[in-house]
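All remarks here apply to the structure that follows.
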Amino acid sequence: MGLRLLLCASLFVVACQGVPTSAGASASANASARVASADPSRLPTPDQERAVTAALATAGIQDTSVIPSKFDWLFGTGAPRSGTFSGTLDGTQIWADVHFLEVTTKGITACAGRSASGESVFTVSLKGRPEVLGGAGVTGALSGAGPMYFASSDRLFVMTPDARLRDALVLTLVLSVPSCIWREPQTLPVFPWEREVMDAFAAEGIGIRVIGGSKFIGASRQTGTGADVLWLAVPLREVRMCSSPSSPGFTKWSVIVDGRQLPGMEGSQTVYPLVGARFFVLAWDRASAEALAHGLGLSAPAC
């Protein structure tokens, strides 16, 4: 049961740790997915292979070959065929993973970053849902120091550790670079105050994966990092919030705003309420609460 809040419509952000870095090498999934499928039905069709090989040749890539992708599970049945295309550019060996989408696919986002141990990692998501195996926290990791680069269209998804190759395929295959952030719904407008919230997270090394227009939906299936953020058109004079135990595993909050008792909220998820002159926030974790308190000048409401 999610948290029920009866205040006003809200913006939620789902966060992931990490800041993009530079240059890269080979990639792997988690330990349980380092061996690609040997099923030839997973490889590109001859027509698909010719189209990509021609695009690589146009970009100056020589001696092209294709082998099964270690990430042939990416997008599940939505991308039944994939391959790792390799070749040489100016004497340097380079490669790109190419996934052929069976149907027109919208909502692909991709983020490159670093793990807590400093490893270069990346996460590919579909409408805010990370494509991972088992209990993995990211899609994959790079053995080198640099990030993965991405490009996509309605029918293709490409990832490569070489920015030159990514840029070349963007032109020859008519691709675009996907955003790192998914907006839910996709038509959600960009609010003028969003940048302040994003900067507050970024200052503490927290990257944002999803920005959405509903309350806490999907929080548990992400990293649990993020917040519900309400922008206040009119500053509140006083906000008081008190928590008390409810049914087993649940917490009930009473909410008083400018002397008026509101219906309040109840839920099983831990939240950290914060308030200031222009924002009311329910952070989902201590790190997000500290980042937004510091970056937006917020504090915990009195009981």
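By convention in this document, the chains of the structure tokens carry letters A, B, ... by their order, each chain's residues are numbered from 1, and ligands are numbered from 1 in the order they are shown.
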
Fill in: Members of range 214-281 of chain A assigned strand (DSSP E or B) by DSSP, as a ChimeraX atom specification
/A:226-231,239-245,251-257,260-267,272-275,279-281

Practice prompt. Can you pull out every residue within 9 Å of Phe280 in chain A, counting only C-alpha atoms, but drop anything in the same chain fewer than 2 positions away, and send it as a count of residues only?
Written response: 13

Fill in: All alpha helix (DSSP H) residues (DSSP, backbone) inside range 66-296 of chain A, as a PyMOL selection string
chain A and resi 163-172+194-203+286-296

Store the residues picked out above in a file with N, CA, C and O atoms, as a compact mmCIF listing (two decimals), in the first residue's frame.
```
# COMPACT_ATOMS: atom_id res chain seq x y z
N ALA A 163 32.54 7.36 -28.58
CA ALA A 163 31.67 8.48 -28.93
C ALA A 163 31.70 8.78 -30.42
O ALA A 163 30.68 9.17 -31.01
N ARG A 164 32.85 8.56 -31.08
CA ARG A 164 32.93 8.81 -32.53
C ARG A 164 32.01 7.87 -33.29
O ARG A 164 31.33 8.28 -34.24
N LEU A 165 31.99 6.60 -32.86
CA LEU A 165 31.14 5.62 -33.52
C LEU A 165 29.67 5.96 -33.29
O LEU A 165 28.86 5.87 -34.21
N ARG A 166 29.33 6.32 -32.07
CA ARG A 166 27.94 6.72 -31.79
C ARG A 166 27.51 7.87 -32.69
O ARG A 166 26.44 7.83 -33.31
N ASP A 167 28.36 8.90 -32.79
CA ASP A 167 28.02 10.07 -33.60
C ASP A 167 27.90 9.71 -35.08
O ASP A 167 27.03 10.24 -35.79
N ALA A 168 28.75 8.80 -35.55
CA ALA A 168 28.69 8.39 -36.96
C ALA A 168 27.40 7.64 -37.25
O ALA A 168 26.75 7.87 -38.27
N LEU A 169 27.00 6.75 -36.34
CA LEU A 169 25.78 5.98 -36.55
C LEU A 169 24.53 6.84 -36.40
O LEU A 169 23.50 6.56 -37.03
N VAL A 170 24.60 7.87 -35.59
CA VAL A 170 23.48 8.81 -35.50
C VAL A 170 23.17 9.39 -36.87
O VAL A 170 22.00 9.52 -37.27
N LEU A 171 24.22 9.70 -37.63
CA LEU A 171 24.03 10.29 -38.96
C LEU A 171 23.62 9.24 -39.99
O LEU A 171 22.67 9.43 -40.75
N THR A 172 24.33 8.11 -40.02
CA THR A 172 24.10 7.15 -41.10
C THR A 172 22.83 6.33 -40.90
O THR A 172 22.20 5.90 -41.88
N GLU A 194 11.93 23.22 -11.94
CA GLU A 194 12.56 21.90 -11.94
C GLU A 194 14.07 21.97 -11.81
O GLU A 194 14.70 21.14 -11.16
N ARG A 195 14.67 22.95 -12.48
CA ARG A 195 16.13 23.04 -12.50
C ARG A 195 16.70 23.18 -11.10
O ARG A 195 17.76 22.62 -10.80
N GLU A 196 16.00 23.91 -10.24
CA GLU A 196 16.48 24.06 -8.86
C GLU A 196 16.51 22.72 -8.14
O GLU A 196 17.45 22.42 -7.39
N VAL A 197 15.47 21.92 -8.34
CA VAL A 197 15.42 20.61 -7.70
C VAL A 197 16.51 19.70 -8.26
O VAL A 197 17.22 19.01 -7.50
N MET A 198 16.67 19.71 -9.58
CA MET A 198 17.71 18.89 -10.21
C MET A 198 19.10 19.28 -9.71
O MET A 198 19.93 18.42 -9.42
N ASP A 199 19.34 20.59 -9.59
CA ASP A 199 20.65 21.07 -9.13
C ASP A 199 20.90 20.65 -7.68
O ASP A 199 22.03 20.33 -7.32
N ALA A 200 19.84 20.66 -6.87
CA ALA A 200 20.00 20.26 -5.47
C ALA A 200 20.40 18.79 -5.37
O ALA A 200 21.27 18.42 -4.58
N PHE A 201 19.77 17.94 -6.19
CA PHE A 201 20.16 16.53 -6.21
C PHE A 201 21.59 16.38 -6.74
O PHE A 201 22.40 15.64 -6.18
N ALA A 202 21.88 17.05 -7.86
CA ALA A 202 23.19 16.90 -8.50
C ALA A 202 24.33 17.33 -7.58
O ALA A 202 25.42 16.74 -7.62
N ALA A 203 24.09 18.34 -6.76
CA ALA A 203 25.13 18.84 -5.86
C ALA A 203 25.58 17.77 -4.87
O ALA A 203 26.70 17.81 -4.36
N ARG A 286 16.99 9.30 3.32
CA ARG A 286 17.71 10.35 4.04
C ARG A 286 18.63 11.16 3.12
O ARG A 286 18.75 12.37 3.27
N ALA A 287 19.28 10.48 2.16
CA ALA A 287 20.20 11.19 1.27
C ALA A 287 19.46 12.25 0.44
O ALA A 287 19.94 13.37 0.28
N SER A 288 18.29 11.89 -0.08
CA SER A 288 17.50 12.86 -0.85
C SER A 288 17.03 13.99 0.03
O SER A 288 17.02 15.16 -0.38
N ALA A 289 16.62 13.66 1.26
CA ALA A 289 16.15 14.69 2.18
C ALA A 289 17.27 15.69 2.48
O ALA A 289 17.06 16.92 2.46
N GLU A 290 18.46 15.18 2.72
CA GLU A 290 19.59 16.08 3.02
C GLU A 290 19.94 16.93 1.81
O GLU A 290 20.25 18.13 1.94
N ALA A 291 19.90 16.33 0.61
CA ALA A 291 20.23 17.08 -0.60
C ALA A 291 19.24 18.21 -0.84
O ALA A 291 19.63 19.34 -1.15
N LEU A 292 17.95 17.93 -0.70
CA LEU A 292 16.94 18.95 -0.97
C LEU A 292 16.86 19.98 0.16
O LEU A 292 16.60 21.16 -0.10
N ALA A 293 17.09 19.55 1.39
CA ALA A 293 17.11 20.51 2.50
C ALA A 293 18.22 21.54 2.30
O ALA A 293 18.00 22.74 2.47
N HIS A 294 19.39 21.03 1.91
CA HIS A 294 20.52 21.93 1.70
C HIS A 294 20.36 22.76 0.44
O HIS A 294 20.56 23.99 0.44
N GLY A 295 19.97 22.13 -0.67
CA GLY A 295 19.91 22.83 -1.94
C GLY A 295 18.75 23.79 -2.08
O GLY A 295 18.84 24.80 -2.80
N LEU A 296 17.62 23.49 -1.42
CA LEU A 296 16.43 24.34 -1.56
C LEU A 296 16.13 25.14 -0.30
O LEU A 296 15.13 25.87 -0.25
```

Worksheet entry | Residue neighbourhood Trp253 in chain A, 7 Å, only C-alpha atoms, exclusion window fewer than 6 positions, as a count of residues only | 7

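Going from CA of Gly128 in chain A to CA of Arg209 in chain A covers 6.7 Å.
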
Fill in: Within 10 Å of Gly60 in chain A using only C-alpha atoms, minus same-chain residues under 6 positions, as a ChimeraX atom specification
/A:54,87-90,165,168

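For the pair CA of Thr77 in chain A and CA of Glu131 in chain A, the separation is 12.5 Å.
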
Discussion item. As a PyMOL selection string, please: the residues near Ser125 in chain A (cut-off 10 Å, only C-alpha atoms, same-chain neighbours under 3 positions excluded).
Written reply: chain A and resi 74-75+107-111+122+128-132+138-139+180-182+209-210

Writing out the chosen residues with C-alpha atoms as a PDB file, in the first residue's frame:
```pdb
ATOM      1  CA  LEU A  74      17.830  -6.312 -23.454  1.00  0.00           C
ATOM      2  CA  PHE A  75      14.147  -5.328 -24.027  1.00  0.00           C
ATOM      3  CA  GLY A 107      10.360   5.724 -23.987  1.00  0.00           C
ATOM      4  CA  ILE A 108      13.940   4.405 -24.056  1.00  0.00           C
ATOM      5  CA  THR A 109      16.304   6.308 -21.769  1.00  0.00           C
ATOM      6  CA  ALA A 110      19.934   5.536 -20.979  1.00  0.00           C
ATOM      7  CA  CYS A 111      22.284   6.792 -18.273  1.00  0.00           C
ATOM      8  CA  PHE A 122      25.219   2.226 -17.241  1.00  0.00           C
ATOM      9  CA  GLY A 128      11.542   4.634 -16.406  1.00  0.00           C
ATOM     10  CA  ARG A 129      11.838   0.894 -15.726  1.00  0.00           C
ATOM     11  CA  PRO A 130      15.497  -0.231 -15.707  1.00  0.00           C
ATOM     12  CA  GLU A 131      16.413  -3.154 -17.957  1.00  0.00           C
ATOM     13  CA  VAL A 132      18.360  -5.380 -15.543  1.00  0.00           C
ATOM     14  CA  VAL A 138      22.334  -1.495 -13.295  1.00  0.00           C
ATOM     15  CA  THR A 139      22.133  -2.855 -16.836  1.00  0.00           C
ATOM     16  CA  CYS A 180      18.828  10.008 -19.368  1.00  0.00           C
ATOM     17  CA  ILE A 181      15.472  11.041 -17.858  1.00  0.00           C
ATOM     18  CA  TRP A 182      12.013   9.660 -18.616  1.00  0.00           C
ATOM     19  CA  ARG A 209      16.100   8.828 -13.783  1.00  0.00           C
ATOM     20  CA  VAL A 210      12.350   9.604 -13.801  1.00  0.00           C
TER      21      VAL A 210
END
```

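Using only C-alpha atoms, the smallest distance between any of A:Ser86, A:Glu204, A:Pro44, A:Ser153 and Gln62 in chain A comes from A:Ser86.
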
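Interatomic distance, CA of Tyr272 in chain A against CA of Gly205 in chain A: 19.0 Å.
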